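Here the structure is laid out as structure tokens; the discussion comes afterwards.
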Amino acid sequence: MEARHYLQFKDFTREEYEYVFERTRWIKDMFKRYVPYQPLRDRTLAMVFEKHSTRTRVSFEAGMHQLGGTVITLMTRDTQMGRGEPIEDVARVITRMVDIVMIRTFEQAIIERFAEYSRVPVVNGLTNEYHPCQILGDIYTFVEHRGSIHGKTVAWIGDSNNVCNTWLQAAEIFDFNVHVSTPPGYEVEPERAGLYGTGHYEEFEDPMQAAENADLITTDVWTSMGDESEDAERKRDFEAWRVDRKMMRAARKDALFMHCLPAHRGEEVAAEVIDGQQSVVWDEAENRLHTQKALMEYLLLGRIKTQGDLWST
């Protein structure tokens, strides 16, 4: 059977996401009750990192161990990839030895090329263009706290980066709205975002207008990995795009705040917001673990059917 990959958020249908979220709920409940669930015994995850990571590495590595599998971590500087071995050759070899691969890299084209020659599922742990596992966890967190995201409004404040692009794809699948506010010169690029259309987002010059009546306000660092040379310029350009208490008051009273982390308090978000009562960033971070376990289970085993305590595919 041809391997199923998860390279962009739009790779799954809404119905598939609803299934993955239901599995996430069950898997997380088992974890919280200290009940072992290890359907991936004798399975191996290879993690390939070209970009540094904290949450992605810990969540995938811990998740695979909790599901009974093993993990091999590869940093490109320590492998032949760092010496110029073609990505196609790497894919042909690695995927004959492991059962699933997670890659955190730069251009989306790199992971697309790897997947083309892979015999096993490939998961996007982050690229310059997309971060589907992050939004998988974010939407599950919203559902966990507020119920269905259908018809809701998400305000994205800041750079139109890979996380923003993925929120826009998610809006088209789950039928919610995204209000995007970026400084001039940092606007959304629909083609780069991989959008089907533009009917689920609106751009605002004023971030306060974008936040008005939002159900969720979310942001990211002003300077992403690879843009460090622009840091001083970006700090000047983004100064008015800080999520603070005033901006949260413009949203709905029960609005949530999210941030994919790491966060720079005093830059893209005020400490009073990220550490405040409306912030769910720690639940959001933890849910990366549980949603990715459900994702790996689905990619490797397909749909799970339950009959009491008996599980089968």
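Labeling convention for the structure tokens: chains A, B, ... as they appear, residues from 1 per chain, ligands from 1 in order of appearance.
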
Given only C-alpha atoms, how would the per-residue table for range 112-198 of chain A near range 274-295 of chain A read, listing every residue at most 12 Å away with its closest atom pair and distance in Å to one decimal, sorted by chain and number, as a Markdown table?
```
| residue | atom | partner | partner_atom | distance |
| --- | --- | --- | --- | --- |
| A:Pro121 | CA | A:Leu295 | CA | 10.6 |
| A:Val122 | CA | A:Leu295 | CA | 11.2 |
| A:Val123 | CA | A:Leu295 | CA | 9.1 |
| A:Asn124 | CA | A:Gln292 | CA | 11.0 |
| A:Gly125 | CA | A:Gln292 | CA | 10.1 |
| A:His131 | CA | A:Arg288 | CA | 11.7 |
| A:Pro132 | CA | A:Gln292 | CA | 10.4 |
| A:Cys133 | CA | A:Gln292 | CA | 7.0 |
| A:Gln134 | CA | A:Arg288 | CA | 6.7 |
| A:Ile135 | CA | A:Arg288 | CA | 8.9 |
| A:Leu136 | CA | A:Thr291 | CA | 6.7 |
| A:Gly137 | CA | A:Arg288 | CA | 4.9 |
| A:Asp138 | CA | A:Glu284 | CA | 5.7 |
| A:Ile139 | CA | A:Glu284 | CA | 8.8 |
| A:Tyr140 | CA | A:Asn287 | CA | 7.4 |
| A:Thr141 | CA | A:Glu284 | CA | 5.7 |
| A:Phe142 | CA | A:Glu284 | CA | 8.5 |
| A:Val143 | CA | A:Glu284 | CA | 11.1 |
| A:Glu144 | CA | A:Asp283 | CA | 9.5 |
| A:His145 | CA | A:Val280 | CA | 8.8 |
| A:Arg146 | CA | A:Val280 | CA | 11.4 |
```

When DSSP works through the backbone of this structure, what residues of range 32-115 of chain A end up as strand (DSSP E), shown as a list of chain:residue names?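 Checking each residue of range 32-115 of chain A, the strand (DSSP E) ones are A:Thr44, A:Leu45, A:Ala46, A:Met47, A:Val48, A:Phe49, A:Thr70, A:Val71, A:Ile72, A:Thr73, A:Leu74, A:Met75, A:Ile100, A:Val101, A:Met102, A:Ile103, A:Arg104.
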
Export of prior selection with N, CA and C atoms as a PDB file, in the first residue's frame:
```pdb
ATOM      1  N   THR A  44       9.650   1.959  14.300  1.00  0.00           N
ATOM      2  CA  THR A  44      10.733   2.916  14.504  1.00  0.00           C
ATOM      3  C   THR A  44      10.446   4.226  13.783  1.00  0.00           C
ATOM      4  N   LEU A  45      10.594   5.319  14.513  1.00  0.00           N
ATOM      5  CA  LEU A  45      10.478   6.667  13.969  1.00  0.00           C
ATOM      6  C   LEU A  45      11.872   7.245  13.769  1.00  0.00           C
ATOM      7  N   ALA A  46      12.171   7.729  12.564  1.00  0.00           N
ATOM      8  CA  ALA A  46      13.400   8.478  12.318  1.00  0.00           C
ATOM      9  C   ALA A  46      13.054   9.958  12.294  1.00  0.00           C
ATOM     10  N   MET A  47      13.759  10.751  13.085  1.00  0.00           N
ATOM     11  CA  MET A  47      13.567  12.205  13.102  1.00  0.00           C
ATOM     12  C   MET A  47      14.792  12.855  12.484  1.00  0.00           C
ATOM     13  N   VAL A  48      14.567  13.669  11.455  1.00  0.00           N
ATOM     14  CA  VAL A  48      15.641  14.338  10.730  1.00  0.00           C
ATOM     15  C   VAL A  48      15.526  15.835  10.979  1.00  0.00           C
ATOM     16  N   PHE A  49      16.579  16.429  11.557  1.00  0.00           N
ATOM     17  CA  PHE A  49      16.549  17.845  11.910  1.00  0.00           C
ATOM     18  C   PHE A  49      17.601  18.628  11.137  1.00  0.00           C
ATOM     19  N   THR A  70      10.380   2.931  18.967  1.00  0.00           N
ATOM     20  CA  THR A  70      11.724   3.466  19.210  1.00  0.00           C
ATOM     21  C   THR A  70      11.974   4.630  18.270  1.00  0.00           C
ATOM     22  N   VAL A  71      12.996   5.434  18.603  1.00  0.00           N
ATOM     23  CA  VAL A  71      13.268   6.669  17.864  1.00  0.00           C
ATOM     24  C   VAL A  71      14.746   6.751  17.522  1.00  0.00           C
ATOM     25  N   ILE A  72      15.032   7.152  16.298  1.00  0.00           N
ATOM     26  CA  ILE A  72      16.389   7.482  15.867  1.00  0.00           C
ATOM     27  C   ILE A  72      16.395   8.957  15.492  1.00  0.00           C
ATOM     28  N   THR A  73      17.291   9.734  16.101  1.00  0.00           N
ATOM     29  CA  THR A  73      17.377  11.166  15.834  1.00  0.00           C
ATOM     30  C   THR A  73      18.614  11.458  14.998  1.00  0.00           C
ATOM     31  N   LEU A  74      18.403  12.122  13.873  1.00  0.00           N
ATOM     32  CA  LEU A  74      19.487  12.451  12.954  1.00  0.00           C
ATOM     33  C   LEU A  74      19.578  13.965  12.789  1.00  0.00           C
ATOM     34  N   MET A  75      20.749  14.517  13.079  1.00  0.00           N
ATOM     35  CA  MET A  75      21.031  15.917  12.775  1.00  0.00           C
ATOM     36  C   MET A  75      21.822  15.937  11.468  1.00  0.00           C
ATOM     37  N   ILE A 100       8.445   5.191   9.886  1.00  0.00           N
ATOM     38  CA  ILE A 100       7.872   6.519   9.708  1.00  0.00           C
ATOM     39  C   ILE A 100       8.989   7.535   9.903  1.00  0.00           C
ATOM     40  N   VAL A 101       8.897   8.664   9.202  1.00  0.00           N
ATOM     41  CA  VAL A 101       9.935   9.694   9.260  1.00  0.00           C
ATOM     42  C   VAL A 101       9.297  11.047   9.547  1.00  0.00           C
ATOM     43  N   MET A 102       9.900  11.789  10.470  1.00  0.00           N
ATOM     44  CA  MET A 102       9.522  13.182  10.708  1.00  0.00           C
ATOM     45  C   MET A 102      10.710  14.051  10.309  1.00  0.00           C
ATOM     46  N   ILE A 103      10.439  15.092   9.521  1.00  0.00           N
ATOM     47  CA  ILE A 103      11.511  15.974   9.053  1.00  0.00           C
ATOM     48  C   ILE A 103      11.202  17.415   9.440  1.00  0.00           C
ATOM     49  N   ARG A 104      12.204  18.091   9.978  1.00  0.00           N
ATOM     50  CA  ARG A 104      12.121  19.521  10.297  1.00  0.00           C
ATOM     51  C   ARG A 104      13.228  20.203   9.500  1.00  0.00           C
TER      52      ARG A 104
END
```

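We find CA of Val273 in chain A and CA of Ala255 in chain A to be spaced 11.6 Å apart.
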
Among the residues A:Arg265, A:Arg57, A:Arg192, A:His52, the one that comes closest to Gln108 in chain A [using only C-alpha atoms]: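 Among the listed residues, A:Arg192 lies closest to Gln108 in chain A.
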
Nearest to Lys305 in chain A: which of A:Asp244, A:Gly68, A:Lys51, A:Tyr19 is it, counting only C-alpha atoms? A:Tyr19

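Interatomic distance, CA of Val269 in chain A to CA of Arg242 in chain A: 5.2 Å.
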
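If you look at CA of Ala263 in chain A and CA of Asp220 in chain A, they are 7.2 Å away from each other.
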
Taking only residues of range 232-301 of chain A that have an atom at most 9 Å from an atom of range 158-172 of chain A, what is each one's shortest atom pair and its distance in Å to one decimal, using only C-alpha atoms, in chain and number order, as a Markdown table?
```
| residue | atom | partner | partner_atom | distance |
| --- | --- | --- | --- | --- |
| A:Phe238 | CA | A:Gly158 | CA | 7.0 |
| A:Trp241 | CA | A:Gly158 | CA | 5.9 |
| A:Arg242 | CA | A:Gly158 | CA | 7.8 |
| A:Cys260 | CA | A:Val163 | CA | 8.2 |
| A:Glu268 | CA | A:Gly158 | CA | 7.5 |
```

Written file, previous selection with N, CA and C atoms, as a compact mmCIF listing (two decimals), in the first residue's frame:
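This is the output file selection_6.txt:
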```
# COMPACT_ATOMS: atom_id res chain seq x y z
N PHE A 238 7.51 45.78 13.65
CA PHE A 238 6.42 45.06 14.32
C PHE A 238 6.01 45.67 15.67
N TRP A 241 2.48 45.67 16.69
CA TRP A 241 1.79 44.38 16.55
C TRP A 241 2.05 43.47 17.76
N ARG A 242 2.17 44.08 18.92
CA ARG A 242 2.34 43.33 20.16
C ARG A 242 0.96 43.01 20.73
N CYS A 260 2.78 29.57 19.57
CA CYS A 260 3.40 28.26 19.31
C CYS A 260 4.69 28.06 20.10
N GLU A 268 6.50 40.24 20.86
CA GLU A 268 5.24 39.92 20.18
C GLU A 268 4.06 39.75 21.14
```

Taking 2 positions as the minimum chain separation for residues in the same chain, which residues sit within 12 Å of Ala211 in chain A when counting only C-alpha atoms? Answer as a PDB file with C-alpha atoms, in the first residue's frame.
```pdb
ATOM      1  CA  THR A 153     -12.867  34.004  14.258  1.00  0.00           C
ATOM      2  CA  VAL A 154      -9.133  33.602  14.761  1.00  0.00           C
ATOM      3  CA  ALA A 155      -7.008  36.768  14.821  1.00  0.00           C
ATOM      4  CA  TRP A 156      -3.447  36.317  13.628  1.00  0.00           C
ATOM      5  CA  ILE A 157      -1.260  39.231  14.727  1.00  0.00           C
ATOM      6  CA  GLY A 158       2.277  39.502  13.337  1.00  0.00           C
ATOM      7  CA  ASN A 177     -12.446  32.913   9.648  1.00  0.00           C
ATOM      8  CA  VAL A 178      -8.943  34.292  10.092  1.00  0.00           C
ATOM      9  CA  HIS A 179      -8.304  38.011  10.595  1.00  0.00           C
ATOM     10  CA  VAL A 180      -4.700  38.662   9.616  1.00  0.00           C
ATOM     11  CA  SER A 181      -2.849  41.832  10.558  1.00  0.00           C
ATOM     12  CA  GLU A 202      -9.402  39.032   5.736  1.00  0.00           C
ATOM     13  CA  GLU A 203      -6.405  41.337   6.087  1.00  0.00           C
ATOM     14  CA  PHE A 204      -6.374  44.364   8.402  1.00  0.00           C
ATOM     15  CA  GLU A 205      -3.882  47.219   8.517  1.00  0.00           C
ATOM     16  CA  ASP A 206      -4.821  47.894  12.153  1.00  0.00           C
ATOM     17  CA  PRO A 207      -4.163  44.933  14.490  1.00  0.00           C
ATOM     18  CA  MET A 208      -6.813  46.223  16.914  1.00  0.00           C
ATOM     19  CA  GLN A 209      -9.447  45.882  14.203  1.00  0.00           C
ATOM     20  CA  ASN A 213     -14.662  40.165  18.521  1.00  0.00           C
ATOM     21  CA  ALA A 214     -12.149  37.376  17.858  1.00  0.00           C
ATOM     22  CA  ASP A 215     -12.616  34.033  19.595  1.00  0.00           C
ATOM     23  CA  LEU A 216      -8.883  33.384  19.567  1.00  0.00           C
ATOM     24  CA  ILE A 217      -5.857  35.659  19.261  1.00  0.00           C
ATOM     25  CA  THR A 218      -2.610  34.018  18.268  1.00  0.00           C
ATOM     26  CA  THR A 219       0.850  35.144  17.260  1.00  0.00           C
ATOM     27  CA  TRP A 241       1.794  44.384  16.549  1.00  0.00           C
ATOM     28  CA  ARG A 242       2.339  43.335  20.159  1.00  0.00           C
ATOM     29  CA  VAL A 243      -0.530  41.374  21.719  1.00  0.00           C
ATOM     30  CA  ASP A 244      -1.223  43.160  24.998  1.00  0.00           C
ATOM     31  CA  ARG A 245      -4.092  43.460  27.450  1.00  0.00           C
ATOM     32  CA  LYS A 246      -5.738  46.235  25.427  1.00  0.00           C
ATOM     33  CA  MET A 247      -5.777  44.029  22.328  1.00  0.00           C
ATOM     34  CA  MET A 248      -7.231  41.101  24.274  1.00  0.00           C
ATOM     35  CA  ARG A 249     -10.021  43.396  25.528  1.00  0.00           C
ATOM     36  CA  ALA A 250     -10.964  44.085  21.898  1.00  0.00           C
ATOM     37  CA  ALA A 251     -11.663  40.368  21.422  1.00  0.00           C
ATOM     38  CA  ARG A 252     -14.608  38.462  22.885  1.00  0.00           C
ATOM     39  CA  LYS A 253     -14.692  38.186  26.672  1.00  0.00           C
ATOM     40  CA  ALA A 255     -11.325  34.722  23.837  1.00  0.00           C
ATOM     41  CA  LEU A 256      -8.282  32.498  24.164  1.00  0.00           C
ATOM     42  CA  PHE A 257      -4.649  33.398  23.546  1.00  0.00           C
TER      43      PHE A 257
END
```
